[in-house]
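To be precise, the following lines are model39.cif, and they hold mmCIF, C-alpha atoms.
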data_model
#
loop_
_atom_site.label_atom_id
_atom_site.label_comp_id
_atom_site.auth_asym_id
_atom_site.auth_seq_id
_atom_site.Cartn_x
_atom_site.Cartn_y
_atom_site.Cartn_z
CA MET O 63 -12.07 20.22 -32.22
CA ASN O 64 -9.03 20.78 -30.06
CA ALA O 65 -8.18 20.98 -26.37
CA VAL O 66 -5.12 22.10 -24.41
CA ILE O 67 -3.67 18.99 -22.76
CA ASN O 68 -0.34 18.93 -20.93
CA GLY O 69 0.54 22.32 -22.36
CA ILE O 70 -0.14 21.57 -26.03
CA HIS O 71 -3.15 21.66 -28.35
CA LEU O 72 -4.52 18.23 -29.28
CA GLY O 73 -6.91 17.79 -32.18
CA TYR O 74 -9.73 15.29 -31.79
CA ASP O 75 -13.20 14.24 -32.92
CA ALA O 76 -15.86 13.45 -30.32
CA ILE O 77 -18.64 11.54 -32.05
CA GLY O 78 -21.84 11.30 -30.03
CA GLY O 79 -23.59 8.00 -29.51
CA SER O 80 -24.41 5.33 -27.03
CA GLY O 81 -22.47 2.57 -25.35
CA PRO O 82 -19.17 2.74 -23.47
CA PRO O 83 -16.78 5.38 -24.85
CA LEU O 84 -14.47 4.01 -27.53
CA VAL O 85 -11.09 5.61 -28.29
CA LEU O 86 -9.40 4.82 -31.61
CA ILE O 87 -5.72 5.85 -31.86
CA HIS O 88 -3.99 6.10 -35.23
CA GLY O 89 -0.53 4.87 -36.15
CA PHE O 90 2.83 6.51 -36.84
CA GLY O 91 2.86 9.32 -39.40
CA LEU O 92 -0.92 9.20 -39.88
CA ASP O 93 -3.81 11.03 -38.21
CA ARG O 94 -7.31 10.53 -36.87
CA SER O 95 -8.88 10.73 -40.34
CA ILE O 96 -7.96 7.09 -41.00
CA TRP O 97 -10.86 5.99 -38.77
CA ARG O 98 -13.66 8.25 -39.95
CA GLU O 99 -15.02 6.27 -42.89
CA MET O 100 -15.18 3.04 -40.89
CA VAL O 101 -16.79 4.72 -37.88
CA PHE O 102 -19.42 6.65 -39.81
CA GLU O 103 -20.38 3.72 -42.04
CA TYR O 104 -20.20 0.74 -39.69
CA MET O 105 -20.63 2.07 -36.14
CA PRO O 106 -22.64 5.30 -36.49
CA ASP O 107 -24.44 4.89 -33.16
CA GLN O 108 -21.33 4.36 -31.04
CA HIS O 109 -19.77 6.97 -28.76
CA VAL O 110 -16.28 7.39 -30.30
CA ILE O 111 -13.27 9.60 -29.55
CA LEU O 112 -10.64 10.03 -32.29
CA PRO O 113 -7.51 11.87 -31.09
CA ASP O 114 -4.58 13.11 -33.12
CA VAL O 115 -1.46 11.90 -31.31
CA ARG O 116 0.88 14.78 -30.43
CA GLY O 117 3.07 15.55 -33.41
CA HIS O 118 0.39 14.38 -35.86
CA GLY O 119 -2.63 15.81 -37.64
CA GLU O 120 -4.00 18.93 -35.97
CA SER O 121 -2.10 18.40 -32.72
CA ASP O 122 0.95 20.44 -31.78
CA ALA O 123 4.36 18.95 -32.52
CA PRO O 124 6.91 19.91 -29.86
CA SER O 125 10.44 19.79 -31.24
CA ARG O 126 11.93 17.29 -28.81
CA PRO O 127 11.91 13.55 -28.15
CA TYR O 128 8.64 12.10 -26.86
CA LEU O 129 8.04 9.16 -24.54
CA MET O 130 5.27 6.60 -24.94
CA GLU O 131 4.14 7.33 -21.37
CA GLU O 132 3.79 10.99 -22.32
CA LEU O 133 1.50 10.07 -25.21
CA ALA O 134 -0.59 7.96 -22.83
CA ASP O 135 -0.76 10.95 -20.46
CA ASP O 136 -2.12 13.05 -23.34
CA LEU O 137 -4.93 10.53 -23.83
CA ALA O 138 -5.74 10.50 -20.11
CA GLY O 139 -5.85 14.29 -20.13
CA LEU O 140 -8.17 14.36 -23.14
CA LEU O 141 -10.55 11.89 -21.50
CA SER O 142 -10.61 14.04 -18.38
CA ILE O 143 -11.41 17.16 -20.43
CA LEU O 144 -14.30 15.22 -21.97
CA HIS O 145 -15.46 14.03 -18.53
CA ILE O 146 -14.89 10.39 -19.46
CA ASP O 147 -13.77 8.31 -16.49
CA LYS O 148 -13.29 5.02 -18.33
CA ALA O 149 -13.05 3.98 -21.97
CA ILE O 150 -12.31 1.15 -24.34
CA VAL O 151 -8.96 2.04 -25.91
CA CYS O 152 -7.97 0.64 -29.29
CA GLY O 153 -4.73 1.51 -31.03
CA HIS O 154 -3.36 0.89 -34.51
CA SER O 155 0.38 0.16 -34.82
CA MET O 156 2.07 2.94 -32.79
CA GLY O 157 -1.39 3.63 -31.37
CA GLY O 158 -1.24 0.11 -29.93
CA TYR O 159 1.94 1.02 -28.07
CA ILE O 160 0.13 4.06 -26.67
CA SER O 161 -2.85 1.87 -25.70
CA LEU O 162 -0.56 -0.50 -23.82
CA ALA O 163 1.15 2.39 -22.05
CA PHE O 164 -2.29 3.71 -21.08
CA ALA O 165 -3.26 0.27 -19.76
CA ASP O 166 -0.04 0.22 -17.74
CA LEU O 167 -0.35 3.73 -16.30
CA TYR O 168 -4.13 4.06 -16.01
CA PRO O 169 -5.59 0.57 -15.49
CA GLN O 170 -8.47 2.02 -13.48
CA ARG O 171 -9.60 4.00 -16.53
CA LEU O 172 -9.59 1.08 -18.96
CA LEU O 173 -12.73 -0.89 -19.91
CA GLY O 174 -11.28 -2.95 -22.72
CA LEU O 175 -8.28 -3.01 -25.04
CA GLY O 176 -7.90 -3.27 -28.80
CA LEU O 177 -4.50 -3.92 -30.39
CA ILE O 178 -4.65 -3.54 -34.17
CA THR O 179 -1.65 -4.63 -36.26
CA THR O 180 0.70 -3.99 -33.33
CA ASN O 181 2.65 -5.85 -30.64
CA ALA O 182 3.69 -5.63 -26.99
CA LYS O 183 7.43 -6.12 -27.46
CA ALA O 184 10.19 -3.54 -27.17
CA ASP O 185 12.25 -2.82 -30.27
CA SER O 186 15.15 -5.08 -31.04
CA ASP O 187 18.56 -3.40 -31.10
CA ALA O 188 18.50 -3.38 -34.89
CA LYS O 189 15.03 -1.84 -35.04
CA ARG O 190 15.95 0.78 -32.45
CA LYS O 191 18.99 1.78 -34.49
CA SER O 192 16.86 2.00 -37.63
CA ARG O 193 14.49 4.41 -35.86
CA TYR O 194 17.39 6.68 -34.92
CA ARG O 195 18.60 6.58 -38.53
CA LEU O 196 15.11 7.61 -39.60
CA ILE O 197 15.18 10.52 -37.17
CA GLU O 198 18.37 11.82 -38.78
CA GLN O 199 16.98 11.31 -42.28
CA VAL O 200 13.82 13.24 -41.44
CA ARG O 201 15.86 15.94 -39.73
CA SER O 202 17.87 16.39 -42.94
CA HIS O 203 15.26 15.78 -45.62
CA GLY O 204 11.80 16.12 -44.10
CA SER O 205 8.70 13.95 -43.75
CA GLY O 206 8.99 12.62 -47.29
CA GLU O 207 11.72 10.28 -46.07
CA LEU O 208 9.21 8.43 -43.87
CA ALA O 209 6.50 8.54 -46.54
CA LYS O 210 8.86 6.98 -49.06
CA SER O 211 9.87 4.10 -46.80
CA LEU O 212 6.67 3.47 -44.82
CA ALA O 213 3.74 3.94 -47.20
CA PRO O 214 4.62 1.01 -49.53
CA ARG O 215 4.80 -1.32 -46.51
CA LEU O 216 1.33 -0.45 -45.22
CA SER O 217 -0.62 -2.23 -47.96
CA GLN O 218 -0.39 -3.87 -51.36
CA ASN O 219 -3.29 -1.73 -52.58
CA GLU O 220 -1.92 1.18 -54.62
CA THR O 221 -4.81 3.49 -53.73
CA ILE O 222 -4.23 2.92 -50.02
CA ILE O 223 -0.48 3.43 -50.43
CA LYS O 224 -1.15 6.79 -52.08
CA ARG O 225 -3.62 7.84 -49.36
CA ALA O 226 -1.14 6.93 -46.64
CA HIS O 227 1.72 8.65 -48.45
CA ALA O 228 -0.27 11.89 -48.60
CA LEU O 229 -0.95 11.80 -44.85
CA ILE O 230 2.66 11.01 -43.92
CA VAL O 231 4.12 13.74 -46.14
CA ASN O 232 1.91 16.27 -44.36
CA THR O 233 2.92 15.11 -40.87
CA SER O 234 5.26 17.46 -39.01
CA PRO O 235 8.91 16.36 -39.16
CA ALA O 236 9.19 17.26 -35.47
CA GLY O 237 6.25 14.95 -34.73
CA ILE O 238 7.81 12.12 -36.70
CA MET O 239 11.14 12.50 -34.95
CA GLY O 240 9.61 12.82 -31.49
CA SER O 241 7.37 9.79 -32.00
CA ALA O 242 10.14 7.68 -33.49
CA HIS O 243 12.09 8.30 -30.29
CA ALA O 244 9.06 7.24 -28.21
CA MET O 245 8.83 3.97 -30.13
CA ALA O 246 12.56 3.31 -29.95
CA GLU O 247 12.63 3.75 -26.18
CA ARG O 248 9.34 2.06 -25.27
CA PRO O 249 9.62 -0.80 -22.76
CA HIS O 250 8.78 -4.45 -23.27
CA ARG O 251 5.18 -4.84 -22.08
CA MET O 252 4.53 -8.59 -22.31
CA ALA O 253 4.50 -8.73 -18.48
CA LEU O 254 1.60 -6.27 -18.54
CA VAL O 255 -0.32 -8.63 -20.82
CA GLN O 256 -0.49 -11.17 -18.01
CA LYS O 257 -2.16 -8.59 -15.75
CA VAL O 258 -4.89 -7.37 -18.13
CA LEU O 259 -8.04 -9.32 -17.30
CA LEU O 260 -10.43 -7.15 -19.31
CA PRO O 261 -11.77 -8.07 -22.78
CA VAL O 262 -9.07 -7.68 -25.43
CA LEU O 263 -9.12 -7.73 -29.23
CA VAL O 264 -5.95 -8.47 -31.19
CA ALA O 265 -6.39 -7.78 -34.91
CA ALA O 266 -3.87 -8.77 -37.58
CA GLY O 267 -3.59 -8.79 -41.36
CA GLU O 268 -2.35 -11.96 -43.03
CA GLU O 269 -0.33 -9.87 -45.51
CA ASP O 270 1.03 -7.36 -42.99
CA GLN O 271 4.61 -6.42 -43.90
CA ILE O 272 5.25 -4.72 -40.54
CA THR O 273 3.59 -6.76 -37.77
CA ASP O 274 4.18 -10.51 -37.84
CA LEU O 275 0.99 -12.59 -37.83
CA ALA O 276 2.56 -15.28 -35.64
CA ASP O 277 3.41 -12.64 -33.02
CA ALA O 278 -0.19 -11.41 -33.08
CA MET O 279 -1.45 -14.94 -32.53
CA LYS O 280 0.86 -15.39 -29.53
CA LEU O 281 -0.23 -12.02 -28.15
CA ALA O 282 -3.93 -12.88 -28.34
CA VAL O 283 -3.35 -16.15 -26.49
CA ALA O 284 -1.30 -14.40 -23.80
CA PHE O 285 -4.28 -12.32 -22.68
CA GLN O 286 -6.68 -14.10 -20.36
CA ASN O 287 -9.65 -12.65 -22.25
CA GLY O 288 -7.98 -12.11 -25.61
CA ARG O 289 -9.66 -12.74 -28.93
CA LEU O 290 -7.84 -12.85 -32.28
CA LEU O 291 -9.25 -11.37 -35.48
CA THR O 292 -7.36 -11.94 -38.73
CA PHE O 293 -7.95 -10.39 -42.14
CA ARG O 294 -7.34 -12.16 -45.42
CA ASN O 295 -5.92 -10.06 -48.24
CA SER O 296 -5.08 -7.33 -45.75
CA GLY O 297 -1.88 -5.68 -44.63
CA HIS O 298 -1.22 -3.07 -41.96
CA MET O 299 -4.31 -0.86 -42.58
CA PRO O 300 -7.46 -2.92 -41.90
CA MET O 301 -9.55 0.21 -41.23
CA TRP O 302 -9.10 0.94 -44.96
CA GLU O 303 -8.56 -2.57 -46.33
CA ASN O 304 -11.26 -4.46 -44.36
CA PRO O 305 -13.33 -1.80 -42.58
CA ALA O 306 -16.51 -3.87 -42.21
CA GLN O 307 -14.67 -6.80 -40.65
CA LEU O 308 -12.61 -4.60 -38.32
CA ALA O 309 -15.71 -2.69 -37.23
CA GLU O 310 -17.46 -6.00 -36.53
CA GLY O 311 -14.54 -7.07 -34.36
CA ILE O 312 -14.53 -3.80 -32.43
CA LEU O 313 -18.30 -3.93 -31.95
CA ASP O 314 -17.89 -7.47 -30.59
CA LEU O 315 -15.28 -6.11 -28.16
CA ILE O 316 -17.77 -3.45 -27.07
CA LYS O 317 -20.43 -6.13 -26.48
CA ARG O 318 -18.01 -8.14 -24.37
CA VAL O 319 -17.14 -5.06 -22.34
CA SER O 320 -20.80 -4.12 -21.89
CA ALA O 321 -21.62 -7.65 -20.71
CA ALA O 322 -18.88 -7.40 -18.08
CA LEU O 323 -20.05 -4.04 -16.68
#

Would you mind writing the structure in this file as structure tokens?
Amino acid sequence: MNAVINGIHLGYDAIGGSGPPLVLIHGFGLDRSIWREMVFEYMPDQHVILPDVRGHGESDAPSRPYLMEELADDLAGLLSILHIDKAIVCGHSMGGYISLAFADLYPQRLLGLGLITTNAKADSDAKRKSRYRLIEQVRSHGSGELAKSLAPRLSQNETIIKRAHALIVNTSPAGIMGSAHAMAERPHRMALVQKVLLPVLVAAGEEDQITDLADAMKLAVAFQNGRLLTFRNSGHMPMWENPAQLAEGILDLIKRVSAAL
């Protein structure tokens, strides 16, 4: 399905079910398909929304820099189109940055928060510069530049690396460049963490090559109602590497949210 939000078409799945609405946001260079197997197998009765972030999947990819707040606005617009006032919002990697921006801009629409292999910090100067180098590489050589550098860091499982590589290669170069800018310029949001009193899940892989496990542990403790979930033998893609365990953690988050309503 798709809807026109903020002047662009956004692709999404709306999976019927019960319970509070759950939004699952994919990471950089990927698309909403990364969630489907886990959702259909382990949470088939849950009301779930799977959006394609602008620039990814079936969503339009404007050829300009994006801002993280703009991506959060897209999510708010999609929820409004679907007549959803409030939702549990869970984001993977870049999707976690979008989830935090949504929590910052639309706290009244948030029921609970899930941060999956992600963090609440701004980029370091070195990381920001590396994102701008990536933008120029993709501008010159296409999406394969990101696939080549990112896919091997997502997992140690060769099958998962190949699956991720195929998704990234097919992501619009304009979407990659716009989203890389959004990540490079996103603000530090640790101050927001102190204000979020809702149930929170922080999920981290012990073998993650991108998000540091120690940072995830600190993040979970920083939330008043945070809960940490770690995955053994898992890297940056727990929805593929440990789907049953991640689904169990998200369902526990939903229970905590439902108990608080």

Hey, which bits of region 116-207 of chain O sit within 10 Å of region 262-268 of chain O, and for each residue what's the closest pair of atoms and how far apart in Å (one decimal), counting all atoms listed in the file, rows by chain and increasing number, as a Markdown table?
| residue | atom | partner | partner_atom | distance |
| --- | --- | --- | --- | --- |
| O:Ile150 | CA | O:Val262 | CA | 9.5 |
| O:Val151 | CA | O:Val262 | CA | 9.7 |
| O:Cys152 | CA | O:Leu263 | CA | 8.4 |
| O:His154 | CA | O:Ala265 | CA | 9.2 |
| O:Gly158 | CA | O:Val264 | CA | 9.9 |
| O:Leu173 | CA | O:Val262 | CA | 9.5 |
| O:Gly174 | CA | O:Val262 | CA | 5.9 |
| O:Leu175 | CA | O:Val262 | CA | 4.8 |
| O:Gly176 | CA | O:Leu263 | CA | 4.6 |
| O:Leu177 | CA | O:Val264 | CA | 4.8 |
| O:Ile178 | CA | O:Ala265 | CA | 4.6 |
| O:Thr179 | CA | O:Ala266 | CA | 4.9 |
| O:Thr180 | CA | O:Ala266 | CA | 7.9 |
| O:Asn181 | CA | O:Val264 | CA | 9.0 |

Can you turn the PyMOL selection byres ((chain O and resi 167) around 12) into a concrete residue list for this file, as a list in words?
-> Met130, Glu131, Glu132, Leu133, Ala134, Asp135, Asp136, Leu137, Ala138, Ile160, Ser161, Leu162, Ala163, Phe164, Ala165, Asp166, Tyr168, Pro169, Gln170, Arg171, Leu172, Arg251 and Leu254 of chain O

Using all atoms listed in the file, the shortest atom-to-atom distance to Trp302 (chain O) among O:His109, O:Arg225, O:Arg126, O:Arg201 belongs to O:Arg225

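Proximity of O:Gln218, O:Arg248, O:Leu259, O:Met105 to Gln307 (chain O), computed with all atoms listed in the file, is greatest for O:Met105.
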
What does the distance from CA of Asn219 (chain O) to CA of Gly157 (chain O) come to in Å, to one decimal?
-> 22.0 Å

Would you kindly translate the PyMOL selection byres ((chain O and resi 111-121) around 7) into the concrete residues it picks from this file, as a list in words?
-> His71, Leu72, Gly73, Tyr74, Asp75, Ala76, Ile77, Leu84, Val85, Leu86, Ile87, Gly91, Leu92, Asp93, Arg94, Val110, Asp122, Ala123, Pro124, Thr233, Ser234, Ala236, Gly237 and Ile238 of chain O

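Near Arg193 (chain O), within 8 Å and counting only C-alpha atoms, sit O:Ala242, O:His243, O:Ala246; same-chain residues fewer than 6 positions away were not included.
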
Deliver the residues from the most recent selection as a file, using C-alpha atoms, as a CSV table (one decimal), in the coordinates of the input.
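The result, written out as part19.csv:
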chain,number,residue,atom,x,y,z
O,242,ALA,CA,10.1,7.7,-33.5
O,243,HIS,CA,12.1,8.3,-30.3
O,246,ALA,CA,12.6,3.3,-30.0

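Of note, CA of Ile70 (chain O) and CA of Tyr128 (chain O) are spaced 12.9 Å apart.
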
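You can rank O:His88, O:His250, O:Arg215, O:Lys257 by their closest distance to Asp185 (chain O) using all atoms listed in the file, and at the top of that list sits O:His250.
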
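Candidate residues O:Leu216, O:Leu129, O:Ile146, O:Leu141 were compared for distance to Pro249 (chain O), and the nearest is O:Leu129, using all atoms listed in the file.
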
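Here CA of Gly79 (chain O) and CA of Asn64 (chain O) stand 19.4 Å from one another.
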
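Minimum atom-to-atom distances from O:Val283, O:Met252, O:Met301, O:Met239 to Ser202 (chain O) were compared using all atoms listed in the file, and the lowest value belongs to O:Met239.
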
Would you fill out region 301-323 of chain O with N, CA and C atoms and return it as a short mmCIF file (atom, residue, chain, number, x, y, z; two decimals), keeping the file's coordinate frame?
data_model
loop_
_atom_site.label_atom_id
_atom_site.label_comp_id
_atom_site.auth_asym_id
_atom_site.auth_seq_id
_atom_site.Cartn_x
_atom_site.Cartn_y
_atom_site.Cartn_z
N MET O 301 -8.45 -0.77 -41.25
CA MET O 301 -9.55 0.21 -41.23
C MET O 301 -9.84 0.73 -42.63
N TRP O 302 -8.89 0.60 -43.55
CA TRP O 302 -9.10 0.94 -44.96
C TRP O 302 -9.26 -0.30 -45.83
N GLU O 303 -8.56 -1.36 -45.50
CA GLU O 303 -8.56 -2.57 -46.33
C GLU O 303 -9.77 -3.47 -46.04
N ASN O 304 -10.14 -3.60 -44.78
CA ASN O 304 -11.26 -4.46 -44.36
C ASN O 304 -12.09 -3.75 -43.29
N PRO O 305 -12.66 -2.59 -43.61
CA PRO O 305 -13.33 -1.80 -42.58
C PRO O 305 -14.54 -2.50 -41.95
N ALA O 306 -15.32 -3.21 -42.75
CA ALA O 306 -16.51 -3.87 -42.21
C ALA O 306 -16.11 -4.95 -41.21
N GLN O 307 -15.09 -5.72 -41.53
CA GLN O 307 -14.67 -6.80 -40.65
C GLN O 307 -14.03 -6.25 -39.37
N LEU O 308 -13.22 -5.19 -39.51
CA LEU O 308 -12.61 -4.60 -38.32
C LEU O 308 -13.68 -3.99 -37.42
N ALA O 309 -14.64 -3.28 -38.02
CA ALA O 309 -15.71 -2.69 -37.23
C ALA O 309 -16.50 -3.77 -36.50
N GLU O 310 -16.75 -4.89 -37.18
CA GLU O 310 -17.46 -6.00 -36.53
C GLU O 310 -16.68 -6.51 -35.33
N GLY O 311 -15.37 -6.62 -35.47
CA GLY O 311 -14.54 -7.07 -34.36
C GLY O 311 -14.55 -6.10 -33.20
N ILE O 312 -14.51 -4.80 -33.50
CA ILE O 312 -14.53 -3.80 -32.43
C ILE O 312 -15.90 -3.77 -31.76
N LEU O 313 -16.97 -3.89 -32.54
CA LEU O 313 -18.30 -3.93 -31.95
C LEU O 313 -18.48 -5.16 -31.06
N ASP O 314 -17.86 -6.28 -31.45
CA ASP O 314 -17.89 -7.47 -30.59
C ASP O 314 -17.14 -7.21 -29.28
N LEU O 315 -16.01 -6.49 -29.37
CA LEU O 315 -15.28 -6.11 -28.16
C LEU O 315 -16.17 -5.25 -27.26
N ILE O 316 -16.88 -4.31 -27.85
CA ILE O 316 -17.77 -3.45 -27.07
C ILE O 316 -18.85 -4.27 -26.38
N LYS O 317 -19.41 -5.25 -27.08
CA LYS O 317 -20.43 -6.13 -26.48
C LYS O 317 -19.86 -6.90 -25.30
N ARG O 318 -18.65 -7.40 -25.46
CA ARG O 318 -18.01 -8.14 -24.37
C ARG O 318 -17.76 -7.25 -23.16
N VAL O 319 -17.34 -6.01 -23.43
CA VAL O 319 -17.14 -5.06 -22.34
C VAL O 319 -18.46 -4.73 -21.65
N SER O 320 -19.49 -4.48 -22.45
CA SER O 320 -20.80 -4.12 -21.89
C SER O 320 -21.35 -5.26 -21.04
N ALA O 321 -21.13 -6.49 -21.47
CA ALA O 321 -21.62 -7.65 -20.71
C ALA O 321 -20.91 -7.79 -19.37
N ALA O 322 -19.67 -7.27 -19.31
CA ALA O 322 -18.88 -7.40 -18.08
C ALA O 322 -19.13 -6.26 -17.09
N LEU O 323 -19.82 -5.20 -17.55
CA LEU O 323 -20.05 -4.04 -16.68
C LEU O 323 -21.13 -4.33 -15.64
#
